[in-house]
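query.csv follows (CSV, C-alpha atoms and all ligand atoms):
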chain,number,residue,atom,x,y,z
A,1,MET,CA,8.7,68.9,27.8
A,2,ALA,CA,6.0,71.2,29.1
A,3,ALA,CA,5.8,74.4,31.2
A,4,LEU,CA,2.5,74.5,33.0
A,5,GLY,CA,1.6,78.1,33.9
A,6,GLY,CA,0.9,78.2,37.7
A,7,SER,CA,-2.3,80.1,36.9
A,8,LEU,CA,-3.7,76.8,35.6
A,9,LEU,CA,-4.1,75.7,39.3
A,10,ARG,CA,-6.0,78.8,40.2
A,11,PRO,CA,-9.6,78.6,41.7
A,12,GLU,CA,-10.9,80.6,38.6
A,13,ILE,CA,-10.2,77.5,36.5
A,14,VAL,CA,-13.7,75.9,36.5
A,15,MET,CA,-13.5,72.3,37.4
A,16,ARG,CA,-9.8,72.3,38.1
A,17,GLU,CA,-10.2,68.9,39.9
A,18,ILE,CA,-11.3,67.5,36.5
A,19,TRP,CA,-8.5,69.3,34.8
A,20,LEU,CA,-6.0,67.7,37.1
A,21,THR,CA,-7.5,64.3,36.8
A,22,GLU,CA,-7.4,64.6,33.0
A,23,LEU,CA,-3.8,65.8,33.1
A,24,VAL,CA,-2.8,62.7,35.1
A,25,ASP,CA,-4.6,60.6,32.6
A,26,ILE,CA,-2.8,62.2,29.6
A,27,ILE,CA,0.6,61.9,31.3
A,28,GLY,CA,0.0,58.3,32.3
A,29,LYS,CA,-0.9,57.4,28.6
A,30,ILE,CA,2.2,59.3,27.2
A,31,VAL,CA,4.6,57.6,29.6
A,32,ASN,CA,3.1,54.2,28.9
A,33,ASN,CA,4.0,54.8,25.2
A,34,GLY,CA,7.6,55.2,26.3
A,35,THR,CA,8.0,59.0,26.3
A,36,LYS,CA,9.5,60.8,29.3
A,37,ILE,CA,8.1,64.1,30.4
A,38,GLY,CA,9.7,67.1,32.3
A,39,LEU,CA,7.0,69.3,33.8
A,40,VAL,CA,8.0,72.8,34.9
A,41,VAL,CA,5.2,74.5,36.9
A,42,GLY,CA,4.7,78.2,37.3
A,43,GLY,CA,3.9,80.1,40.5
A,44,GLY,CA,0.3,81.3,39.7
A,45,SER,CA,-1.7,83.0,42.4
A,46,PRO,CA,0.6,82.1,45.4
A,47,ALA,CA,3.5,83.8,43.6
A,48,ARG,CA,1.5,86.9,42.7
A,49,GLU,CA,-0.1,87.2,46.2
A,50,SER,CA,3.2,86.7,48.1
A,51,ILE,CA,5.2,89.1,45.9
A,52,ASP,CA,2.4,91.7,46.1
A,53,LEU,CA,2.3,91.4,49.9
A,54,VAL,CA,6.0,92.2,50.4
A,55,LYS,CA,6.6,94.6,47.4
A,56,PRO,CA,6.1,97.7,49.7
A,57,LEU,CA,8.8,96.3,52.0
A,58,ILE,CA,11.3,94.7,49.7
A,59,SER,CA,12.8,96.6,46.7
A,60,ASN,CA,15.4,94.0,45.7
A,61,VAL,CA,14.1,92.1,42.6
A,62,GLY,CA,16.2,89.1,43.4
A,63,ALA,CA,14.6,88.7,46.8
A,64,LEU,CA,11.1,89.0,45.4
A,65,ASP,CA,12.1,86.4,42.7
A,66,LYS,CA,13.1,84.0,45.5
A,67,ILE,CA,9.6,84.3,46.9
A,68,GLY,CA,8.2,83.6,43.4
A,69,ILE,CA,10.5,80.5,43.1
A,70,ALA,CA,9.1,79.2,46.5
A,71,ALA,CA,5.6,79.4,45.0
A,72,THR,CA,6.5,77.6,41.8
A,73,ARG,CA,8.0,74.8,44.0
A,74,LEU,CA,4.8,74.6,46.0
A,75,ASN,CA,2.8,74.2,42.8
A,76,ALA,CA,5.3,71.6,41.5
A,77,THR,CA,4.9,69.7,44.7
A,78,ILE,CA,1.1,69.6,44.2
A,79,ILE,CA,1.5,68.2,40.7
A,80,LYS,CA,4.2,65.6,41.6
A,81,GLU,CA,2.2,64.2,44.6
A,82,VAL,CA,-0.9,63.8,42.4
A,83,LEU,CA,1.2,61.9,39.8
A,84,ILE,CA,2.8,59.7,42.4
A,85,GLU,CA,-0.6,58.9,43.9
A,86,ALA,CA,-1.8,57.9,40.5
A,87,GLY,CA,1.1,55.3,40.3
A,88,ILE,CA,3.0,57.2,37.6
A,89,SER,CA,6.9,56.8,37.8
A,90,THR,CA,7.5,60.4,39.1
A,91,CYS,CA,10.5,61.7,41.0
A,92,SER,CA,9.6,62.2,44.6
A,93,THR,CA,11.8,65.4,45.0
A,94,VAL,CA,11.5,68.7,43.2
A,95,PRO,CA,14.9,69.4,41.6
A,96,ASP,CA,16.3,72.9,42.0
A,97,SER,CA,18.5,72.9,39.0
A,98,ILE,CA,18.4,71.8,35.3
A,99,GLU,CA,21.5,69.6,35.9
A,100,VAL,CA,19.8,67.6,38.7
A,101,ALA,CA,16.5,67.4,36.7
A,102,VAL,CA,18.4,66.0,33.7
A,103,SER,CA,20.0,63.3,35.8
A,104,LEU,CA,16.7,62.4,37.6
A,105,MET,CA,15.1,62.0,34.2
A,106,MET,CA,17.3,58.9,33.6
A,107,ASP,CA,15.6,57.2,36.6
A,108,PHE,CA,11.9,58.4,36.3
A,109,ASP,CA,9.4,58.8,33.6
A,110,VAL,CA,8.3,62.2,34.9
A,111,VAL,CA,10.3,64.9,36.7
A,112,VAL,CA,8.3,67.9,38.0
A,113,MET,CA,10.1,71.1,38.9
A,114,GLY,CA,9.5,74.8,39.5
A,115,GLY,CA,11.9,77.7,39.4
A,116,THR,CA,15.7,77.6,39.8
A,117,GLN,CA,17.5,80.9,40.1
A,118,PRO,CA,16.3,84.6,40.3
A,119,GLY,CA,16.2,86.5,37.1
A,120,HIS,CA,13.8,84.7,34.9
A,121,THR,CA,10.5,82.7,35.0
A,122,THR,CA,9.6,79.1,34.7
A,123,ASP,CA,9.2,79.5,30.9
A,124,ASN,CA,13.0,79.9,30.7
A,125,VAL,CA,13.5,76.9,33.0
A,126,ALA,CA,11.2,74.7,30.8
A,127,ILE,CA,13.0,75.8,27.6
A,128,LYS,CA,16.4,75.1,29.2
A,129,LEU,CA,15.3,71.7,30.4
A,130,ALA,CA,13.9,71.0,26.9
A,131,VAL,CA,17.3,71.9,25.4
A,132,ALA,CA,19.3,69.9,28.0
A,133,THR,CA,17.2,66.8,27.4
A,134,ASN,CA,17.3,67.1,23.6
A,135,SER,CA,13.5,67.4,23.5
A,136,SER,CA,11.8,68.0,20.1
A,137,LYS,CA,9.8,70.9,21.5
A,138,CYS,CA,8.8,72.9,24.6
A,139,ILE,CA,5.1,73.3,25.3
A,140,ILE,CA,4.2,76.6,27.1
A,141,ALA,CA,0.7,76.0,28.6
A,142,THR,CA,-0.6,79.4,29.6
A,143,ASN,CA,-4.0,81.2,29.8
A,144,VAL,CA,-4.2,82.8,26.4
A,145,SER,CA,-5.4,81.0,23.3
A,146,LYS,CA,-2.5,82.1,21.0
A,147,VAL,CA,0.3,84.7,20.8
A,148,TYR,CA,-1.1,88.1,19.9
A,149,ASP,CA,0.9,91.1,18.4
A,150,LYS,CA,-0.4,93.2,21.4
A,151,ASP,CA,-2.3,92.6,24.6
A,152,PRO,CA,-5.8,91.5,23.4
A,153,ARG,CA,-7.4,92.6,26.7
A,154,LYS,CA,-6.4,96.2,26.0
A,155,ASN,CA,-6.4,96.3,22.2
A,156,SER,CA,-9.6,95.1,20.4
A,157,ASP,CA,-7.6,95.1,17.1
A,158,ALA,CA,-4.9,92.7,18.4
A,159,ARG,CA,-4.0,90.0,15.8
A,160,SER,CA,-3.3,86.4,16.8
A,161,PHE,CA,-0.9,84.0,15.1
A,162,ASP,CA,-1.1,80.2,14.3
A,163,SER,CA,2.6,80.2,13.6
A,164,LEU,CA,5.5,82.5,14.0
A,165,SER,CA,9.3,82.4,13.8
A,166,LEU,CA,11.3,82.7,17.0
A,167,PHE,CA,12.5,86.0,15.8
A,168,ASP,CA,9.0,87.3,15.3
A,169,LEU,CA,8.1,86.2,18.8
A,170,GLN,CA,11.2,88.0,20.1
A,171,ASN,CA,10.0,91.2,18.4
A,172,ILE,CA,6.6,90.8,20.2
A,173,VAL,CA,8.0,90.1,23.7
A,174,GLY,CA,11.0,92.4,23.5
A,175,PRO,CA,14.7,92.0,24.6
A,176,PRO,CA,15.8,89.3,27.0
A,177,GLU,CA,15.5,91.3,30.3
A,178,HIS,CA,14.0,90.7,33.7
A,179,PHE,CA,13.1,93.9,35.5
A,180,ARG,CA,10.3,92.9,37.9
A,181,ALA,CA,9.5,89.8,39.9
A,182,GLY,CA,6.1,88.3,39.1
A,183,ASP,CA,5.8,90.3,35.8
A,184,SER,CA,3.9,88.3,33.2
A,185,GLN,CA,4.4,88.2,29.4
A,186,VAL,CA,2.9,85.6,27.1
A,187,VAL,CA,6.4,84.0,27.2
A,188,ASP,CA,9.5,85.1,29.2
A,189,PRO,CA,11.7,87.0,26.7
A,190,ILE,CA,14.8,85.4,28.4
A,191,GLY,CA,13.3,82.0,27.4
A,192,VAL,CA,12.7,83.2,23.9
A,193,GLU,CA,16.4,84.1,23.6
A,194,CYS,CA,17.3,80.7,24.8
A,195,ALA,CA,15.0,79.1,22.3
A,196,ILE,CA,16.6,81.2,19.5
A,197,VAL,CA,20.1,80.2,20.5
A,198,ASN,CA,19.1,76.5,20.6
A,199,LYS,CA,16.6,76.5,17.7
A,200,MET,CA,14.0,75.0,20.1
A,201,GLU,CA,10.4,74.8,18.8
A,202,LEU,CA,7.8,76.3,21.2
A,203,ASN,CA,4.1,75.4,21.3
A,204,ILE,CA,2.2,78.1,23.0
A,205,LEU,CA,-1.4,77.3,23.9
A,206,ASP,CA,-4.2,77.7,26.4
A,207,GLY,CA,-3.6,74.9,28.9
A,208,ARG,CA,-7.0,75.4,30.5
A,209,LYS,CA,-8.3,73.4,27.5
A,210,ILE,CA,-6.9,70.1,28.5
A,211,ASN,CA,-7.4,68.5,25.0
A,212,ASN,CA,-5.2,71.2,23.6
A,213,LEU,CA,-2.4,70.2,25.9
A,214,LYS,CA,-3.0,66.6,25.1
A,215,ASN,CA,-2.9,67.2,21.3
A,216,SER,CA,0.3,69.2,21.5
A,217,MET,CA,1.9,66.6,23.8
A,218,GLU,CA,0.9,63.8,21.3
A,219,GLY,CA,2.1,65.7,18.3
A,220,SER,CA,-1.4,66.2,16.9
A,221,ASN,CA,-3.0,69.5,15.7
A,222,PHE,CA,-3.8,71.9,18.5
A,223,GLU,CA,-5.2,75.4,18.9
A,224,GLY,CA,-2.4,77.7,19.7
A,225,THR,CA,0.8,79.2,18.2
A,226,ILE,CA,3.7,77.1,16.8
A,227,VAL,CA,6.9,79.0,17.1
A,228,SER,CA,9.8,77.6,15.1
A,229,TRP,CA,13.2,78.5,13.8
B,301,LIG,P1,6.4,82.1,37.0
B,301,LIG,O1,7.2,81.2,36.2
B,301,LIG,O2,5.1,81.7,37.5
B,301,LIG,O3,6.3,83.5,36.2
B,301,LIG,O4,7.3,82.5,38.2
B,301,LIG,P2,5.2,84.5,35.7
B,301,LIG,O5,5.4,84.7,34.3
B,301,LIG,O6,5.4,85.7,36.6
B,301,LIG,O7,3.8,83.9,36.1
B,301,LIG,P3,2.7,83.1,35.2
B,301,LIG,O8,3.5,82.2,34.3
B,301,LIG,O9,2.0,84.1,34.4
B,301,LIG,O10,1.9,82.4,36.2
B,301,LIG,C1,6.8,83.5,39.2
B,301,LIG,C2,7.9,84.4,39.6
B,301,LIG,O11,8.9,83.7,40.3
B,301,LIG,C3,10.2,84.2,40.0
B,301,LIG,C4,10.0,85.4,39.0
B,301,LIG,O12,9.9,86.5,39.8
B,301,LIG,C5,8.6,85.0,38.4
B,301,LIG,O13,8.0,86.2,37.9
B,301,LIG,N1,11.1,83.1,39.3
B,301,LIG,C6,10.5,81.9,38.9
B,301,LIG,C7,12.4,83.2,39.3
B,301,LIG,O14,13.0,84.2,39.7
B,301,LIG,N2,13.2,82.2,38.8
B,301,LIG,C8,12.6,81.0,38.3
B,301,LIG,O15,13.4,80.1,37.9
B,301,LIG,C9,11.2,80.9,38.3

Show me, as structure tokens, the structure contained in the file I just sent.
Amino acid sequence: MAALGGSLLRPEIVMREIWLTELVDIIGKIVNNGTKIGLVVGGGSPARESIDLVKPLISNVGALDKIGIAATRLNATIIKEVLIEAGISTCSTVPDSIEVAVSLMMDFDVVVMGGTQPGHTTDNVAIKLAVATNSSKCIIATNVSKVYDKDPRKNSDARSFDSLSLFDLQNIVGPPEHFRAGDSQVVDPIGVECAIVNKMELNILDGRKINNLKNSMEGSNFEGTIVSW
């Protein structure tokens, strides 16, 4: 199970065409070995741009969330069409609930989805899908190398972790609340709560480094933070 941060599709990612080609290659190999994959794709720049555009006009967080969800589904559509084109058994629709995704995973090797309901981010969707499919872990591919105790862009003394407990991670990200649409934390605190309740291991890594993602998917050593019970 993997959550792909939508920012991984952003133009700033150098050679994103190569990144996408390698992603397809990795997924093709994993499914050939008999493993099914659920991919949950974040909203990235379309989500941020669209939410910023209408924030002065819309104060309702749930309404802004719906715009963010539409962006996640756009990005999910991009990924699933690329996988279908590559001949990988991938569901041709983007499910809008965990229940539908779980049932589609019986028929396809790969199911790609975006957001579901207002009130959380795709991190929480990925963790819920991992739980619902009895996955061994949930990979959160983002654009930081590891989890830090504070924002490394603002604090030069920020400390990174190779491993953490789920409770340690909760202390870093805070209580399970969703105040603002498009607000970004290293992992959605609502998803962390879900991981705690279900004792779900999280692998948090920099998905821009495609080999990192590959190693984590294959169960090998990777650069990032392992968060376990
Ligand atoms: P993302 O999952 O991309 O969240 O969803 P994010 O953490 O803000 O962005 P990244 O991961 O750093 O790129 C974008 C926005 O869409 C809404 C939320 O407002 C979220 O911030 N959303 C997404 C939902 O309301 N529900 C969902 O299931 C998914």

Have a look at CA of Glu218 in chain A and CA of Thr93 in chain A and let me know their distance in Å, one decimal.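 Distance between the two atoms: 26.1 Å.
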
Any chance you could tabulate, as JSON lines, the residues of chain A at most 8 Å from ligand LIG 301 (chain B) with each one's nearest atom pair and distance in Å to one decimal, using all atoms listed in the file, in chain and rising number order?
{"residue": "A:Leu4", "atom": "CA", "partner": "B:LIG301", "partner_atom": "O8", "distance": 7.9}
{"residue": "A:Gly5", "atom": "CA", "partner": "B:LIG301", "partner_atom": "O8", "distance": 4.5}
{"residue": "A:Gly6", "atom": "CA", "partner": "B:LIG301", "partner_atom": "O10", "distance": 4.6}
{"residue": "A:Ser7", "atom": "CA", "partner": "B:LIG301", "partner_atom": "O10", "distance": 4.8}
{"residue": "A:Leu8", "atom": "CA", "partner": "B:LIG301", "partner_atom": "O10", "distance": 7.9}
{"residue": "A:Val41", "atom": "CA", "partner": "B:LIG301", "partner_atom": "O1", "distance": 7.0}
{"residue": "A:Gly42", "atom": "CA", "partner": "B:LIG301", "partner_atom": "O2", "distance": 3.5}
{"residue": "A:Gly43", "atom": "CA", "partner": "B:LIG301", "partner_atom": "O2", "distance": 3.6}
{"residue": "A:Gly44", "atom": "CA", "partner": "B:LIG301", "partner_atom": "O10", "distance": 4.0}
{"residue": "A:Ser45", "atom": "CA", "partner": "B:LIG301", "partner_atom": "O10", "distance": 7.2}
{"residue": "A:Ala47", "atom": "CA", "partner": "B:LIG301", "partner_atom": "C1", "distance": 5.5}
{"residue": "A:Arg48", "atom": "CA", "partner": "B:LIG301", "partner_atom": "C1", "distance": 7.2}
{"residue": "A:Val61", "atom": "CA", "partner": "B:LIG301", "partner_atom": "O12", "distance": 7.5}
{"residue": "A:Gly62", "atom": "CA", "partner": "B:LIG301", "partner_atom": "O14", "distance": 6.9}
{"residue": "A:Leu64", "atom": "CA", "partner": "B:LIG301", "partner_atom": "O12", "distance": 6.2}
{"residue": "A:Asp65", "atom": "CA", "partner": "B:LIG301", "partner_atom": "O12", "distance": 3.6}
{"residue": "A:Lys66", "atom": "CA", "partner": "B:LIG301", "partner_atom": "O14", "distance": 5.8}
{"residue": "A:Ile67", "atom": "CA", "partner": "B:LIG301", "partner_atom": "O11", "distance": 6.7}
{"residue": "A:Gly68", "atom": "CA", "partner": "B:LIG301", "partner_atom": "O11", "distance": 3.2}
{"residue": "A:Ile69", "atom": "CA", "partner": "B:LIG301", "partner_atom": "C6", "distance": 4.4}
{"residue": "A:Ala70", "atom": "CA", "partner": "B:LIG301", "partner_atom": "O11", "distance": 7.7}
{"residue": "A:Ala71", "atom": "CA", "partner": "B:LIG301", "partner_atom": "O11", "distance": 7.2}
{"residue": "A:Thr72", "atom": "CA", "partner": "B:LIG301", "partner_atom": "O2", "distance": 6.1}
{"residue": "A:Gly114", "atom": "CA", "partner": "B:LIG301", "partner_atom": "C9", "distance": 6.4}
{"residue": "A:Gly115", "atom": "CA", "partner": "B:LIG301", "partner_atom": "O15", "distance": 3.2}
{"residue": "A:Thr116", "atom": "CA", "partner": "B:LIG301", "partner_atom": "O15", "distance": 3.9}
{"residue": "A:Gln117", "atom": "CA", "partner": "B:LIG301", "partner_atom": "N2", "distance": 4.7}
{"residue": "A:Pro118", "atom": "CA", "partner": "B:LIG301", "partner_atom": "O14", "distance": 3.4}
{"residue": "A:Gly119", "atom": "CA", "partner": "B:LIG301", "partner_atom": "O14", "distance": 4.7}
{"residue": "A:His120", "atom": "CA", "partner": "B:LIG301", "partner_atom": "N2", "distance": 4.7}
{"residue": "A:Thr121", "atom": "CA", "partner": "B:LIG301", "partner_atom": "O1", "distance": 3.8}
{"residue": "A:Thr122", "atom": "CA", "partner": "B:LIG301", "partner_atom": "O1", "distance": 3.5}
{"residue": "A:Asp123", "atom": "CA", "partner": "B:LIG301", "partner_atom": "O1", "distance": 5.9}
{"residue": "A:Asn124", "atom": "CA", "partner": "B:LIG301", "partner_atom": "O15", "distance": 7.2}
{"residue": "A:Val125", "atom": "CA", "partner": "B:LIG301", "partner_atom": "O15", "distance": 5.9}
{"residue": "A:Thr142", "atom": "CA", "partner": "B:LIG301", "partner_atom": "O8", "distance": 6.8}
{"residue": "A:Arg180", "atom": "CA", "partner": "B:LIG301", "partner_atom": "O12", "distance": 6.7}
{"residue": "A:Ala181", "atom": "CA", "partner": "B:LIG301", "partner_atom": "O12", "distance": 3.3}
{"residue": "A:Gly182", "atom": "CA", "partner": "B:LIG301", "partner_atom": "O13", "distance": 3.1}
{"residue": "A:Asp183", "atom": "CA", "partner": "B:LIG301", "partner_atom": "O6", "distance": 4.7}
{"residue": "A:Ser184", "atom": "CA", "partner": "B:LIG301", "partner_atom": "O5", "distance": 4.1}
{"residue": "A:Gln185", "atom": "CA", "partner": "B:LIG301", "partner_atom": "O5", "distance": 6.1}
{"residue": "A:Val186", "atom": "CA", "partner": "B:LIG301", "partner_atom": "O9", "distance": 7.5}
{"residue": "A:Val187", "atom": "CA", "partner": "B:LIG301", "partner_atom": "O5", "distance": 7.2}
{"residue": "A:Asp188", "atom": "CA", "partner": "B:LIG301", "partner_atom": "O5", "distance": 6.6}

Protein, DNA and RNA residues within 12 Å of (-2.8, 88.8, 28.1), all atoms listed in the file, as a list in words: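 Residues with an atom at most 12 Å from (-2.8, 88.8, 28.1): Thr142, Asn143, Val144, Ser145, Lys146, Val147, Tyr148, Asp149, Lys150, Asp151, Pro152, Arg153, Lys154, Asn155, Ala158, Ser160, Val173, Asp183, Ser184, Gln185, Val186, Val187 and Asp206 of chain A.
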
Residue neighbourhood Met217 in chain A, 10 Å, all atoms listed in the file, exclusion window fewer than 5 positions, as a ChimeraX atom specification: /A:1-2,26-27,30,37,137-139,203,211-212,222

Using only C-alpha atoms, which protein or nucleic acid residues come within 10 Å of Ile88 in chain A? Drop anything in the same chain fewer than 6 positions from it, and give the result as a count of residues only. 13

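Comparing A:Ile98, A:Leu74, A:Ile226, A:Ala86 by their smallest distance to Ile140 in chain A, the closest is A:Ile226 (using all atoms listed in the file).
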
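The closest residue to Leu23 in chain A, picked from A:Val100, A:Leu83, A:Val197, A:Ile51 and counting all atoms listed in the file, is A:Leu83.
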
Atomic separation - CA of Ser89 in chain A relative to CA of Thr77 in chain A, Å: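 Going from CA of Thr77 in chain A over to CA of Ser89 in chain A, I get 14.8 Å.
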
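Comparing A:Asn198, A:Leu205, A:Pro56, A:Thr90 by their smallest distance to Lys36 in chain A, the closest is A:Thr90 (using only C-alpha atoms).
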
Point-to-point distance from CA of Ala76 in chain A to CA of Val40 in chain A, Å rounded to tenths: 7.2 Å

Can you tell me, as a ChimeraX atom specification, which residues sit within 8 Å of (6.7, 80.9, 20.4) in the file's frame, using all atoms listed in the file? /A:147,163-166,169,187,192,201-204,225-228
